[in-house]
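Q: If it helps, the file is called start.txt and holds compact mmCIF, C-alpha atoms:
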# COMPACT_ATOMS: atom_id res chain seq x y z
CA MET A 1 -11.71 21.53 -11.10
CA HIS A 2 -10.01 24.29 -13.06
CA GLU A 3 -12.25 27.09 -11.82
CA ARG A 4 -12.29 26.13 -8.14
CA LEU A 5 -8.90 24.53 -7.60
CA ALA A 6 -6.33 24.71 -10.40
CA THR A 7 -6.70 28.38 -11.30
CA PRO A 8 -6.84 29.85 -7.75
CA LEU A 9 -3.79 27.81 -6.68
CA ARG A 10 -1.94 28.19 -10.02
CA LEU A 11 -1.74 24.42 -10.44
CA THR A 12 -0.48 24.35 -14.01
CA GLY A 13 -0.58 20.99 -15.70
CA LEU A 14 -3.45 19.59 -13.60
CA TYR A 15 -5.94 17.71 -15.76
CA ALA A 16 -8.55 14.97 -15.55
CA PRO A 17 -8.55 12.66 -18.56
CA GLY A 18 -11.87 10.90 -19.06
CA THR A 19 -10.45 8.11 -21.20
CA PRO A 20 -6.99 6.59 -21.74
CA GLY A 21 -6.92 8.37 -25.13
CA GLU A 22 -6.97 11.74 -23.33
CA LEU A 23 -3.76 11.01 -21.40
CA ARG A 24 -0.89 13.32 -22.23
CA ALA A 25 2.39 12.01 -23.59
CA THR A 26 4.00 12.77 -20.21
CA ALA A 27 1.69 10.38 -18.29
CA LEU A 28 3.62 7.61 -16.60
CA PRO A 29 2.55 4.06 -17.37
CA GLY A 30 1.10 1.90 -14.62
CA ARG A 31 2.79 -1.26 -13.45
CA SER A 32 1.74 -4.39 -11.61
CA ARG A 33 3.29 -5.57 -8.34
CA ARG A 34 5.68 -7.63 -10.44
CA GLY A 35 6.65 -4.67 -12.59
CA ARG A 36 4.65 -5.55 -15.70
CA LEU A 37 3.09 -2.72 -17.69
CA ARG A 38 -0.63 -2.21 -17.11
CA ALA A 39 -3.23 -0.45 -19.22
CA PRO A 40 -3.86 3.09 -17.97
CA TRP A 41 -6.85 3.70 -15.70
CA THR A 42 -8.37 7.14 -15.88
CA GLY A 43 -11.36 6.62 -13.64
CA GLU A 44 -13.87 7.03 -16.46
CA ALA A 45 -15.79 9.99 -15.00
CA VAL A 46 -14.62 9.62 -11.40
CA ALA A 47 -11.39 11.64 -11.57
CA PRO A 48 -11.37 12.57 -7.86
CA ALA A 49 -11.06 8.86 -7.07
CA GLY A 50 -7.61 8.81 -8.60
CA GLY A 51 -7.89 10.04 -12.16
CA LEU A 52 -6.42 13.52 -11.68
CA ARG A 53 -3.01 13.92 -13.34
CA ALA A 54 -0.32 16.53 -12.75
CA PRO A 55 3.44 17.02 -12.68
CA VAL A 56 5.05 16.39 -9.29
CA THR A 57 5.82 20.11 -8.87
CA THR A 58 2.11 20.85 -9.25
CA LEU A 59 1.25 18.20 -6.69
CA ALA A 60 3.79 19.75 -4.30
CA GLY A 61 1.95 23.06 -4.63
CA LEU A 62 -1.37 21.38 -3.91
CA THR A 63 0.08 19.61 -0.88
CA ALA A 64 1.46 22.89 0.48
CA ALA A 65 -1.93 24.58 0.04
CA LEU A 66 -3.68 21.70 1.82
CA LEU A 67 -1.22 21.83 4.70
CA ASP A 68 -1.34 25.61 5.17
CA GLY A 69 -5.14 25.73 4.76
CA SER A 70 -5.18 27.98 1.69
CA ALA A 71 -6.65 25.35 -0.67
CA PRO A 72 -10.34 25.83 -1.49
CA GLY A 73 -12.44 23.30 0.40
CA THR A 74 -9.86 22.63 3.12
CA PRO A 75 -12.62 22.28 5.77
CA ALA A 76 -13.55 19.01 4.02
CA LEU A 77 -10.47 17.56 5.74
CA ASP A 78 -12.04 18.06 9.18
CA PRO A 79 -13.44 14.81 10.59
CA VAL A 80 -17.20 14.98 11.08
CA ALA A 81 -18.12 11.39 11.97
CA ARG A 82 -16.70 8.07 13.06
CA PHE A 83 -15.96 5.85 10.08
CA SER A 84 -14.65 2.49 11.24
CA GLY A 85 -13.62 1.73 14.78
CA ARG A 86 -12.65 4.20 17.46
CA ALA A 87 -9.64 5.82 15.79
CA THR A 88 -10.92 6.32 12.25
CA ARG A 89 -13.06 9.32 11.33
CA ILE A 90 -14.33 10.65 8.03
CA GLY A 91 -14.73 14.21 6.77
CA ALA A 92 -16.62 15.40 3.72
CA GLY A 93 -14.19 13.59 1.46
CA TRP A 94 -11.22 12.39 3.50
CA ILE A 95 -10.63 9.65 6.04
CA THR A 96 -8.55 10.58 9.09
CA LEU A 97 -6.91 7.91 11.21
CA ARG A 98 -5.05 8.34 14.50
CA VAL A 99 -1.73 6.47 14.36
CA ARG A 100 0.87 6.69 17.14
CA GLU A 101 -0.60 9.94 18.48
CA ARG A 102 -0.66 11.57 15.02
CA ASP A 103 -3.54 12.30 12.67
CA VAL A 104 -3.08 10.77 9.22
CA THR A 105 -5.43 12.12 6.53
Rewrite the structure from the file as structure tokens, please.
A:
Amino acid sequence: MHERLATPLRLTGLYAPGTPGELRATALPGRSRRGRLRAPWTGEAVAPAGGLRAPVTTLAGLTAALLDGSAPGTPALDPVARFSGRATRIGAGWITLRVRERDVT
């Protein structure tokens, strides 16, 4: 993650905690639909499924790189097969859905 993504894009603060004990003090707590605090989930070895953590400014930089195509691995966004139904397609790691004449990835 650091070698291929964070360093080339200068994404400071990006990290992937493997356990709740590895969360930084700046990590926001999770909450239920009713607003109750929840124990943190770090993905326990599946960080790409939602366990990556970063400040919002870092995420803005990642989003910009994904949108302008400069992020490593951007071709993984390209749909390569139908996923579910006629309008939903899947790439190497992203699902793209056509909604109101727009692609949503």
Q: How close does segment 29-99 of chain A get to segment 1-11 of chain A? List, as JSON lines, each residue of segment 29-99 of chain A within 9 Å, its nearest atom pair and the distance in Å to one decimal, counting all atoms listed in the file.
A:
{"residue": "A:Ala54", "atom": "CA", "partner": "A:Leu11", "partner_atom": "CA", "distance": 8.3}
{"residue": "A:Thr57", "atom": "CA", "partner": "A:Leu11", "partner_atom": "CA", "distance": 8.8}
{"residue": "A:Thr58", "atom": "CA", "partner": "A:Leu11", "partner_atom": "CA", "distance": 5.4}
{"residue": "A:Leu59", "atom": "CA", "partner": "A:Leu11", "partner_atom": "CA", "distance": 7.9}
{"residue": "A:Gly61", "atom": "CA", "partner": "A:Leu11", "partner_atom": "CA", "distance": 7.0}
{"residue": "A:Leu62", "atom": "CA", "partner": "A:Leu11", "partner_atom": "CA", "distance": 7.2}
{"residue": "A:Ala65", "atom": "CA", "partner": "A:Leu9", "partner_atom": "CA", "distance": 7.7}
{"residue": "A:Ser70", "atom": "CA", "partner": "A:Leu9", "partner_atom": "CA", "distance": 8.5}
{"residue": "A:Ala71", "atom": "CA", "partner": "A:Leu9", "partner_atom": "CA", "distance": 7.1}
{"residue": "A:Pro72", "atom": "CA", "partner": "A:Leu5", "partner_atom": "CA", "distance": 6.4}
{"residue": "A:Gly73", "atom": "CA", "partner": "A:Leu5", "partner_atom": "CA", "distance": 8.8}
Q: Using all atoms listed in the file for the distances, tell me which of A:Pro79, A:Pro55, A:Gly21, A:Gly13 is nearest to Pro40 of chain A.
A: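 Checking each candidate against Pro40 of chain A, we get A:Gly21 as the closest.
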Q: So which one's closest to Ala16 of chain A, A:Leu52, A:Ala60, A:Val104, A:Ala76? Using only C-alpha atoms, please.
A: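 Looking only at the distances to Ala16 of chain A, the closest residue turns out to be A:Leu52.
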Q: What does the distance between atom CA of Thr42 of chain A and atom CA of Glu22 of chain A come to in Å, to one decimal place?
A: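 We find that atom CA of Thr42 of chain A and atom CA of Glu22 of chain A lie 8.9 Å from each other.
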Q: Just how far from atom CA of Leu14 of chain A is atom CA of Arg36 of chain A, in Å to one decimal?
A: 26.5 Å
Q: Near segment 98-101 of chain A, within 9 Å and counting all atoms listed in the file, which residues show up once chain neighbours fewer than 6 positions away are dropped, as number ranges by chain?
A: A: 87-89
Q: So which one's closest to Gly18 of chain A, A:Leu97, A:Arg53, A:Ala64, A:Ser32? Using all atoms listed in the file, please.
A: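 Among A:Leu97, A:Arg53, A:Ala64, A:Ser32, it is A:Arg53 that comes nearest to Gly18 of chain A.
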Q: To one decimal in Å, tell me the separation between atom CA of Arg24 of chain A and atom CA of Leu66 of chain A.
A: 25.6 Å
Q: Axis-aligned box over every listed atom of segment 82-89 of chain A, padded by 4 Å per side: centre and edges in Å to one decimal, as AutoDock Vina command-line options?
A:
--center_x -13.2 --center_y 5.5 --center_z 13.8 --size_x 15.1 --size_y 15.6 --size_z 15.4
Q: Which residue gives the smallest distance to Thr26 of chain A among A:Ile95, A:Leu67, A:Val80, A:Val56, with all atoms listed in the file counted?
A: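 Comparing A:Ile95, A:Leu67, A:Val80, A:Val56 against Thr26 of chain A, the winner is A:Val56.
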